[in-house]
$ cat target_31.txt   # compact mmCIF, N, CA and C atoms
# COMPACT_ATOMS: atom_id res chain seq x y z
N LYS I 26 -22.45 12.08 -6.04
CA LYS I 26 -21.43 11.09 -5.72
C LYS I 26 -20.08 11.80 -5.55
N THR I 27 -19.39 11.46 -4.51
CA THR I 27 -18.08 12.05 -4.24
C THR I 27 -17.02 11.42 -5.13
N ALA I 28 -16.17 12.28 -5.68
CA ALA I 28 -15.07 11.76 -6.49
C ALA I 28 -14.09 11.00 -5.62
N VAL I 29 -13.48 9.98 -6.19
CA VAL I 29 -12.50 9.19 -5.46
C VAL I 29 -11.23 10.02 -5.25
N ASP I 30 -10.65 9.91 -4.07
CA ASP I 30 -9.37 10.57 -3.79
C ASP I 30 -8.62 9.75 -2.74
N GLU I 31 -7.52 10.31 -2.24
CA GLU I 31 -6.67 9.56 -1.31
C GLU I 31 -7.31 9.33 0.05
N THR I 32 -8.44 9.96 0.32
CA THR I 32 -9.10 9.75 1.61
C THR I 32 -10.16 8.66 1.58
N ASN I 33 -10.68 8.34 0.37
CA ASN I 33 -11.81 7.40 0.33
C ASN I 33 -11.62 6.23 -0.64
N ILE I 34 -10.47 6.12 -1.27
CA ILE I 34 -10.24 5.01 -2.21
C ILE I 34 -10.22 3.68 -1.47
N THR I 35 -10.76 2.68 -2.12
CA THR I 35 -10.65 1.30 -1.64
C THR I 35 -10.10 0.47 -2.80
N VAL I 36 -9.44 -0.62 -2.47
CA VAL I 36 -8.87 -1.48 -3.51
C VAL I 36 -9.99 -2.14 -4.30
N SER I 37 -9.86 -2.08 -5.61
CA SER I 37 -10.81 -2.76 -6.48
C SER I 37 -10.17 -4.03 -7.02
N THR I 38 -10.96 -5.09 -7.07
CA THR I 38 -10.50 -6.33 -7.70
C THR I 38 -11.27 -6.57 -9.00
N ASP I 39 -12.04 -5.56 -9.42
CA ASP I 39 -12.80 -5.65 -10.65
C ASP I 39 -11.87 -5.79 -11.85
N ALA I 40 -12.10 -6.79 -12.68
CA ALA I 40 -11.20 -7.08 -13.82
C ALA I 40 -11.07 -5.88 -14.75
N GLY I 41 -12.16 -5.18 -14.98
CA GLY I 41 -12.12 -4.01 -15.86
C GLY I 41 -11.27 -2.89 -15.28
N ALA I 42 -11.44 -2.65 -13.98
CA ALA I 42 -10.64 -1.61 -13.33
C ALA I 42 -9.16 -1.98 -13.33
N LEU I 43 -8.85 -3.24 -13.06
CA LEU I 43 -7.45 -3.68 -13.04
C LEU I 43 -6.84 -3.61 -14.44
N ALA I 44 -7.62 -3.95 -15.46
CA ALA I 44 -7.13 -3.85 -16.84
C ALA I 44 -6.86 -2.39 -17.20
N GLY I 45 -7.75 -1.50 -16.76
CA GLY I 45 -7.54 -0.07 -17.00
C GLY I 45 -6.29 0.42 -16.30
N GLY I 46 -6.09 -0.04 -15.05
CA GLY I 46 -4.90 0.33 -14.30
C GLY I 46 -3.64 -0.20 -14.93
N GLN I 47 -3.70 -1.41 -15.46
CA GLN I 47 -2.54 -2.00 -16.11
C GLN I 47 -2.18 -1.22 -17.38
N ALA I 48 -3.18 -0.79 -18.14
CA ALA I 48 -2.93 -0.02 -19.35
C ALA I 48 -2.24 1.31 -19.00
N ILE I 49 -2.70 1.95 -17.94
CA ILE I 49 -2.09 3.22 -17.50
C ILE I 49 -0.66 2.95 -17.03
N PHE I 50 -0.47 1.88 -16.26
CA PHE I 50 0.86 1.52 -15.78
C PHE I 50 1.80 1.31 -16.96
N ASN I 51 1.34 0.54 -17.96
CA ASN I 51 2.17 0.25 -19.12
C ASN I 51 2.54 1.52 -19.89
N GLN I 52 1.63 2.48 -19.91
CA GLN I 52 1.87 3.72 -20.65
C GLN I 52 2.81 4.68 -19.91
N TYR I 53 2.64 4.80 -18.59
CA TYR I 53 3.33 5.86 -17.86
C TYR I 53 4.38 5.40 -16.86
N CYS I 54 4.25 4.21 -16.31
CA CYS I 54 5.05 3.82 -15.13
C CYS I 54 6.24 2.93 -15.43
N THR I 55 6.19 2.22 -16.55
CA THR I 55 7.24 1.24 -16.85
C THR I 55 8.64 1.85 -17.01
N PRO I 56 8.78 3.09 -17.51
CA PRO I 56 10.15 3.61 -17.63
C PRO I 56 10.92 3.64 -16.30
N CYS I 57 10.21 3.86 -15.20
CA CYS I 57 10.89 3.95 -13.90
C CYS I 57 10.73 2.70 -13.04
N HIS I 58 9.63 1.96 -13.21
CA HIS I 58 9.35 0.81 -12.34
C HIS I 58 9.46 -0.53 -13.05
N GLY I 59 9.72 -0.53 -14.34
CA GLY I 59 9.83 -1.77 -15.10
C GLY I 59 8.48 -2.28 -15.55
N ALA I 60 8.48 -3.10 -16.60
CA ALA I 60 7.23 -3.63 -17.17
C ALA I 60 6.46 -4.47 -16.16
N ASP I 61 7.17 -5.13 -15.25
CA ASP I 61 6.51 -5.99 -14.26
C ASP I 61 6.33 -5.29 -12.91
N GLY I 62 6.74 -4.04 -12.81
CA GLY I 62 6.60 -3.28 -11.56
C GLY I 62 7.66 -3.59 -10.53
N ALA I 63 8.56 -4.54 -10.83
CA ALA I 63 9.55 -4.98 -9.85
C ALA I 63 10.85 -4.20 -9.92
N GLY I 64 10.96 -3.29 -10.88
CA GLY I 64 12.18 -2.52 -11.01
C GLY I 64 13.38 -3.42 -11.28
N SER I 65 14.54 -2.83 -11.20
CA SER I 65 15.80 -3.56 -11.32
C SER I 65 16.85 -2.73 -10.61
N GLU I 66 18.02 -3.26 -10.47
CA GLU I 66 19.07 -2.48 -9.80
C GLU I 66 19.43 -1.23 -10.59
N ASN I 67 19.04 -1.18 -11.86
CA ASN I 67 19.32 -0.01 -12.69
C ASN I 67 18.12 0.92 -12.83
N SER I 68 16.98 0.55 -12.25
CA SER I 68 15.78 1.38 -12.40
C SER I 68 15.77 2.53 -11.40
N VAL I 69 15.15 3.61 -11.81
CA VAL I 69 15.01 4.78 -10.94
C VAL I 69 13.99 4.50 -9.84
N GLY I 70 12.84 3.98 -10.24
CA GLY I 70 11.74 3.77 -9.30
C GLY I 70 11.93 2.52 -8.47
N PRO I 71 11.31 2.49 -7.29
CA PRO I 71 11.40 1.31 -6.43
C PRO I 71 10.55 0.16 -6.95
N ASN I 72 10.83 -1.01 -6.41
CA ASN I 72 10.08 -2.23 -6.66
C ASN I 72 8.68 -2.06 -6.08
N LEU I 73 7.66 -2.28 -6.87
CA LEU I 73 6.27 -2.17 -6.41
C LEU I 73 5.64 -3.53 -6.15
N THR I 74 6.46 -4.61 -6.20
CA THR I 74 5.89 -5.95 -6.04
C THR I 74 6.22 -6.58 -4.69
N ASP I 75 7.12 -5.96 -3.93
CA ASP I 75 7.47 -6.53 -2.63
C ASP I 75 6.66 -5.86 -1.52
N ALA I 76 6.92 -6.23 -0.29
CA ALA I 76 6.15 -5.71 0.85
C ALA I 76 6.79 -4.48 1.49
N TYR I 77 7.80 -3.92 0.84
CA TYR I 77 8.51 -2.76 1.40
C TYR I 77 8.09 -1.50 0.65
N TRP I 78 7.78 -0.46 1.41
CA TRP I 78 7.27 0.78 0.82
C TRP I 78 8.01 1.97 1.40
N LEU I 79 8.32 2.94 0.54
CA LEU I 79 8.97 4.16 0.97
C LEU I 79 7.97 5.19 1.48
N HIS I 80 6.74 5.16 0.96
CA HIS I 80 5.75 6.19 1.28
C HIS I 80 4.42 5.59 1.73
N GLY I 81 4.48 4.39 2.31
CA GLY I 81 3.28 3.72 2.81
C GLY I 81 2.72 2.75 1.80
N GLY I 82 2.26 1.59 2.27
CA GLY I 82 1.81 0.53 1.39
C GLY I 82 0.32 0.30 1.35
N ASP I 83 -0.46 1.23 1.88
CA ASP I 83 -1.91 1.14 1.80
C ASP I 83 -2.36 1.74 0.47
N VAL I 84 -3.50 1.32 -0.05
CA VAL I 84 -3.97 1.86 -1.33
C VAL I 84 -4.14 3.38 -1.26
N LYS I 85 -4.50 3.92 -0.11
CA LYS I 85 -4.60 5.38 0.04
C LYS I 85 -3.23 6.03 -0.12
N ASP I 86 -2.19 5.39 0.42
CA ASP I 86 -0.82 5.90 0.29
C ASP I 86 -0.37 5.87 -1.17
N VAL I 87 -0.69 4.78 -1.86
CA VAL I 87 -0.30 4.64 -3.27
C VAL I 87 -1.00 5.72 -4.09
N PHE I 88 -2.30 5.90 -3.87
CA PHE I 88 -3.06 6.93 -4.59
C PHE I 88 -2.41 8.30 -4.37
N LYS I 89 -2.10 8.61 -3.11
CA LYS I 89 -1.51 9.91 -2.77
C LYS I 89 -0.15 10.09 -3.46
N THR I 90 0.67 9.04 -3.48
CA THR I 90 1.98 9.12 -4.11
C THR I 90 1.85 9.36 -5.61
N VAL I 91 0.92 8.66 -6.26
CA VAL I 91 0.70 8.87 -7.69
C VAL I 91 0.16 10.27 -7.94
N LYS I 92 -0.81 10.69 -7.15
CA LYS I 92 -1.47 11.99 -7.36
C LYS I 92 -0.51 13.16 -7.16
N TYR I 93 0.23 13.16 -6.07
CA TYR I 93 1.06 14.31 -5.72
C TYR I 93 2.54 14.12 -6.07
N GLY I 94 2.95 12.87 -6.31
CA GLY I 94 4.34 12.60 -6.62
C GLY I 94 5.24 12.75 -5.41
N VAL I 95 6.51 12.50 -5.62
CA VAL I 95 7.55 12.70 -4.62
C VAL I 95 8.70 13.37 -5.37
N PRO I 96 8.56 14.68 -5.62
CA PRO I 96 9.50 15.37 -6.50
C PRO I 96 10.97 15.20 -6.12
N GLU I 97 11.27 15.17 -4.82
CA GLU I 97 12.67 15.03 -4.40
C GLU I 97 13.25 13.66 -4.75
N LYS I 98 12.38 12.68 -5.06
CA LYS I 98 12.84 11.35 -5.45
C LYS I 98 12.72 11.13 -6.95
N GLY I 99 12.23 12.14 -7.68
CA GLY I 99 12.08 12.01 -9.12
C GLY I 99 10.71 11.51 -9.56
N MET I 100 9.81 11.26 -8.59
CA MET I 100 8.45 10.81 -8.92
C MET I 100 7.59 12.04 -9.16
N ILE I 101 7.12 12.20 -10.40
CA ILE I 101 6.31 13.37 -10.70
C ILE I 101 4.88 13.20 -10.21
N SER I 102 4.18 14.31 -10.09
CA SER I 102 2.76 14.30 -9.78
C SER I 102 2.00 13.98 -11.06
N TRP I 103 1.04 13.09 -10.97
CA TRP I 103 0.24 12.71 -12.14
C TRP I 103 -1.15 13.32 -12.13
N LYS I 104 -1.46 14.21 -11.17
CA LYS I 104 -2.83 14.72 -11.05
C LYS I 104 -3.28 15.57 -12.23
N SER I 105 -2.34 16.13 -12.98
CA SER I 105 -2.77 16.92 -14.14
C SER I 105 -2.90 16.06 -15.40
N GLN I 106 -2.30 14.87 -15.41
CA GLN I 106 -2.38 13.98 -16.57
C GLN I 106 -3.45 12.90 -16.43
N LEU I 107 -3.74 12.49 -15.19
CA LEU I 107 -4.67 11.38 -14.95
C LEU I 107 -5.87 11.86 -14.14
N GLN I 108 -7.04 11.35 -14.50
CA GLN I 108 -8.26 11.64 -13.76
C GLN I 108 -8.28 10.81 -12.46
N PRO I 109 -9.03 11.24 -11.45
CA PRO I 109 -9.10 10.46 -10.20
C PRO I 109 -9.47 8.99 -10.42
N LYS I 110 -10.40 8.71 -11.33
CA LYS I 110 -10.78 7.32 -11.62
C LYS I 110 -9.58 6.54 -12.16
N GLU I 111 -8.77 7.17 -13.00
CA GLU I 111 -7.59 6.51 -13.55
C GLU I 111 -6.54 6.26 -12.46
N ILE I 112 -6.35 7.21 -11.57
CA ILE I 112 -5.41 7.03 -10.46
C ILE I 112 -5.90 5.91 -9.55
N SER I 113 -7.22 5.83 -9.36
CA SER I 113 -7.81 4.77 -8.55
C SER I 113 -7.54 3.40 -9.18
N GLU I 114 -7.79 3.28 -10.49
CA GLU I 114 -7.55 2.01 -11.18
C GLU I 114 -6.07 1.65 -11.14
N LEU I 115 -5.21 2.64 -11.36
CA LEU I 115 -3.77 2.41 -11.31
C LEU I 115 -3.34 1.96 -9.92
N SER I 116 -3.86 2.60 -8.89
CA SER I 116 -3.50 2.24 -7.51
C SER I 116 -3.91 0.81 -7.19
N SER I 117 -5.11 0.42 -7.62
CA SER I 117 -5.57 -0.96 -7.39
C SER I 117 -4.69 -1.94 -8.16
N TYR I 118 -4.31 -1.58 -9.39
CA TYR I 118 -3.43 -2.45 -10.17
C TYR I 118 -2.09 -2.62 -9.45
N ILE I 119 -1.52 -1.52 -8.95
CA ILE I 119 -0.25 -1.60 -8.23
C ILE I 119 -0.39 -2.50 -7.00
N MET I 120 -1.50 -2.39 -6.29
CA MET I 120 -1.72 -3.25 -5.12
C MET I 120 -1.80 -4.73 -5.54
N SER I 121 -2.31 -4.99 -6.76
CA SER I 121 -2.44 -6.37 -7.23
C SER I 121 -1.09 -7.00 -7.56
N LEU I 122 -0.05 -6.20 -7.64
CA LEU I 122 1.29 -6.70 -7.99
C LEU I 122 2.02 -7.33 -6.80
N GLN I 123 1.47 -7.20 -5.60
CA GLN I 123 2.15 -7.70 -4.41
C GLN I 123 2.52 -9.17 -4.54
N GLY I 124 3.79 -9.47 -4.33
CA GLY I 124 4.26 -10.84 -4.33
C GLY I 124 4.52 -11.42 -5.72
N THR I 125 4.45 -10.59 -6.76
CA THR I 125 4.61 -11.10 -8.12
C THR I 125 6.01 -10.90 -8.69
N GLY I 126 6.91 -10.28 -7.93
CA GLY I 126 8.22 -9.94 -8.46
C GLY I 126 9.07 -11.15 -8.82
N PRO I 127 9.78 -11.05 -9.94
CA PRO I 127 10.66 -12.15 -10.37
C PRO I 127 11.98 -12.13 -9.59
N ALA I 128 12.82 -13.10 -9.86
CA ALA I 128 14.11 -13.20 -9.18
C ALA I 128 14.98 -11.98 -9.41
N THR I 129 14.76 -11.28 -10.51
CA THR I 129 15.59 -10.11 -10.86
C THR I 129 15.07 -8.81 -10.26
N GLN I 130 14.09 -8.89 -9.36
CA GLN I 130 13.49 -7.68 -8.81
C GLN I 130 14.50 -6.84 -8.03
N LYS I 131 14.22 -5.54 -7.97
CA LYS I 131 15.05 -4.60 -7.24
C LYS I 131 14.99 -4.91 -5.74
N ALA I 132 16.10 -4.72 -5.07
CA ALA I 132 16.18 -4.98 -3.63
C ALA I 132 15.17 -4.11 -2.88
N PRO I 133 14.68 -4.59 -1.73
CA PRO I 133 13.70 -3.82 -0.96
C PRO I 133 14.22 -2.46 -0.54
N GLN I 134 13.31 -1.49 -0.53
CA GLN I 134 13.60 -0.14 -0.06
C GLN I 134 12.46 0.27 0.86
N GLY I 135 12.77 1.07 1.86
CA GLY I 135 11.72 1.55 2.75
C GLY I 135 11.46 0.57 3.88
N GLU I 136 10.23 0.61 4.37
CA GLU I 136 9.85 -0.21 5.52
C GLU I 136 8.89 -1.31 5.12
N LEU I 137 9.00 -2.45 5.81
CA LEU I 137 8.08 -3.56 5.61
C LEU I 137 6.69 -3.08 6.01
N TRP I 138 5.73 -3.24 5.12
CA TRP I 138 4.37 -2.79 5.37
C TRP I 138 3.49 -3.95 5.75
N GLN I 139 2.72 -3.77 6.82
CA GLN I 139 1.71 -4.74 7.21
C GLN I 139 0.37 -4.04 7.19
N GLU I 140 -0.70 -4.81 7.16
CA GLU I 140 -2.05 -4.27 7.01
C GLU I 140 -2.34 -3.13 7.98
N ASP I 141 -1.88 -3.25 9.23
CA ASP I 141 -2.12 -2.19 10.21
C ASP I 141 -1.04 -1.11 10.16
N GLY I 142 -0.11 -1.24 9.24
CA GLY I 142 0.94 -0.24 9.09
C GLY I 142 2.10 -0.43 10.03
N ALA I 143 2.06 -1.46 10.86
CA ALA I 143 3.10 -1.67 11.86
C ALA I 143 4.25 -2.49 11.29
N VAL I 144 5.43 -2.15 11.70
CA VAL I 144 6.60 -2.95 11.36
C VAL I 144 6.66 -4.07 12.39
N PRO I 145 6.92 -5.31 11.99
CA PRO I 145 6.91 -6.42 12.95
C PRO I 145 7.95 -6.22 14.06
N THR I 146 7.57 -6.65 15.25
CA THR I 146 8.49 -6.51 16.38
C THR I 146 9.53 -7.62 16.37
N ASP I 147 9.25 -8.72 15.70
CA ASP I 147 10.20 -9.82 15.60
C ASP I 147 11.22 -9.47 14.52
N SER I 148 12.41 -9.08 14.91
CA SER I 148 13.40 -8.61 13.95
C SER I 148 13.82 -9.70 12.98
N THR I 149 13.60 -10.95 13.31
CA THR I 149 13.96 -12.02 12.39
C THR I 149 13.00 -12.08 11.20
N ALA I 150 11.86 -11.38 11.31
CA ALA I 150 10.90 -11.37 10.21
C ALA I 150 11.37 -10.45 9.09
N ILE I 151 12.32 -9.60 9.37
CA ILE I 151 12.83 -8.67 8.36
C ILE I 151 14.12 -9.25 7.79
N THR I 152 14.08 -9.55 6.48
CA THR I 152 15.22 -10.19 5.86
C THR I 152 16.00 -9.24 4.95
N ALA I 153 15.51 -8.03 4.79
CA ALA I 153 16.18 -7.09 3.89
C ALA I 153 17.46 -6.56 4.50
N ASP I 154 18.39 -6.21 3.62
CA ASP I 154 19.63 -5.56 4.05
C ASP I 154 19.28 -4.10 4.29
N THR I 155 19.11 -3.73 5.55
CA THR I 155 18.68 -2.38 5.86
C THR I 155 19.82 -1.38 5.91
N THR I 156 21.05 -1.84 5.68
CA THR I 156 22.18 -0.92 5.72
C THR I 156 22.16 0.03 4.54
N SER I 157 21.51 -0.33 3.45
CA SER I 157 21.49 0.52 2.27
C SER I 157 20.17 1.26 2.12
N VAL I 158 19.31 1.19 3.11
CA VAL I 158 18.00 1.82 3.03
C VAL I 158 18.04 3.18 3.73
N ALA I 159 17.69 4.21 2.98
CA ALA I 159 17.62 5.55 3.56
C ALA I 159 16.18 5.80 3.98
N VAL I 160 15.99 6.20 5.22
CA VAL I 160 14.65 6.49 5.71
C VAL I 160 14.43 7.99 5.57
N THR I 161 13.36 8.37 4.88
CA THR I 161 13.05 9.78 4.67
C THR I 161 11.67 10.07 5.25
N GLN I 162 11.49 11.26 5.67
CA GLN I 162 10.21 11.67 6.23
C GLN I 162 9.43 12.46 5.21
$ encode --input "target_31.txt" --output "structure tokens"
Amino acid sequence: KTAVDETNITVSTDAGALAGGQAIFNQYCTPCHGADGAGSENSVGPNLTDAYWLHGGDVKDVFKTVKYGVPEKGMISWKSQLQPKEISELSSYIMSLQGTGPATQKAPQGELWQEDGAVPTDSTAITADTTSVAVTQ
């Protein structure tokens, strides 16, 4: 059996996997992303509950970001602390947070993510203040 990685992960909705992912999130991710994943204006990490993503909003993108980190943004690599199965559970848990952010959530950062990865062509569909968003490659 091939180990799960950023090329073959799929989102799990299994309650056990999501509970495992939530436990990992609570242990490692809350200092930067908040207990609810929505961040705040004072948090280092971006909001993980909205539809805007800095490094891609597909589960493969999330897995890759957790595994390798984004050192220039302060996101460390977790591949030496977490096993692939744990990163998989964590990634699925993060995906399950979509749309759950409270009123106090951090403002959107990055690009609006759609299932096909495309940004909508109807500019009225984007409601975020994009003047404060830095686009990085």
$ select_by_dssp --input "target_31.txt" --residues "chain I" --states "strand (DSSP E or B)" --output "JSON, numbers by chain"
{"I": [77, 78, 95, 100, 136, 137]}
$ select_by_dssp --input "target_31.txt" --residues "region 49-133 of chain I" --states "helix (DSSP H, G or I)" --output "PyMOL selection string"
chain I and resi 49-58+84-93+96-98+109-121
$ residues_around --input "target_31.txt" --residues "Gly135 (chain I)" --least-positions-apart "2" --cutoff "5 Å" --atoms "only N, CA and C atoms" --output "VMD selection string"
chain I and resid 78 to 79 133 137
$ closest_residue --input "target_31.txt" --among "I:Ala76, I:Val29, I:Val36, I:Ile112" --to "Lys92 (chain I)" --atoms "only C-alpha atoms"
I:Ile112
$ residues_around --input "target_31.txt" --residues "Ser116 (chain I)" --least-positions-apart "6" --cutoff "7 Å" --atoms "only C-alpha atoms" --output "list in words"
Val84, Val87 and Phe88 of chain I
$ closest_residue --input "target_31.txt" --among "I:Ser121, I:Ser102, I:Thr129, I:Asn51" --to "Ser68 (chain I)" --atoms "only C-alpha atoms"
I:Thr129
$ closest_residue --input "target_31.txt" --among "I:Trp103, I:Lys110, I:Leu73, I:Lys89" --to "Gly124 (chain I)" --atoms "all atoms listed in the file"
I:Leu73
$ atom_distance --input "target_31.txt" --atom1 "atom C of Thr38 (chain I)" --atom2 "atom N of Pro96 (chain I)"
29.3 Å
$ atom_distance --input "target_31.txt" --atom1 "atom N of Gln106 (chain I)" --atom2 "atom N of Trp138 (chain I)"
28.5 Å
$ atom_distance --input "target_31.txt" --atom1 "CA of Gln134 (chain I)" --atom2 "CA of Tyr53 (chain I)"
21.4 Å
$ closest_residue --input "target_31.txt" --among "I:Gln108, I:Gln139, I:Thr35, I:Thr55" --to "Gly82 (chain I)" --atoms "only N, CA and C atoms"
I:Gln139
$ residues_around --input "target_31.txt" --residues "Ser37 (chain I)" --least-positions-apart "5" --cutoff "8 Å" --atoms "only N, CA and C atoms" --output "MDAnalysis selection string"
chainID I and resid 42:43 113:114 116:118 121
$ closest_residue --input "target_31.txt" --among "I:Ile49, I:Val91, I:Ala40, I:Leu122" --to "Thr74 (chain I)" --atoms "only N, CA and C atoms"
I:Leu122
$ closest_residue --input "target_31.txt" --among "I:Gly46, I:Gly41, I:Gly62, I:Ile34" --to "Leu115 (chain I)" --atoms "all atoms listed in the file"
I:Gly46
$ residues_around --input "target_31.txt" --residues "Asn67 (chain I)" --least-positions-apart "2" --cutoff "8 Å" --atoms "only N, CA and C atoms" --output "PyMOL selection string"
chain I and resi 57+64-65+69-70+131
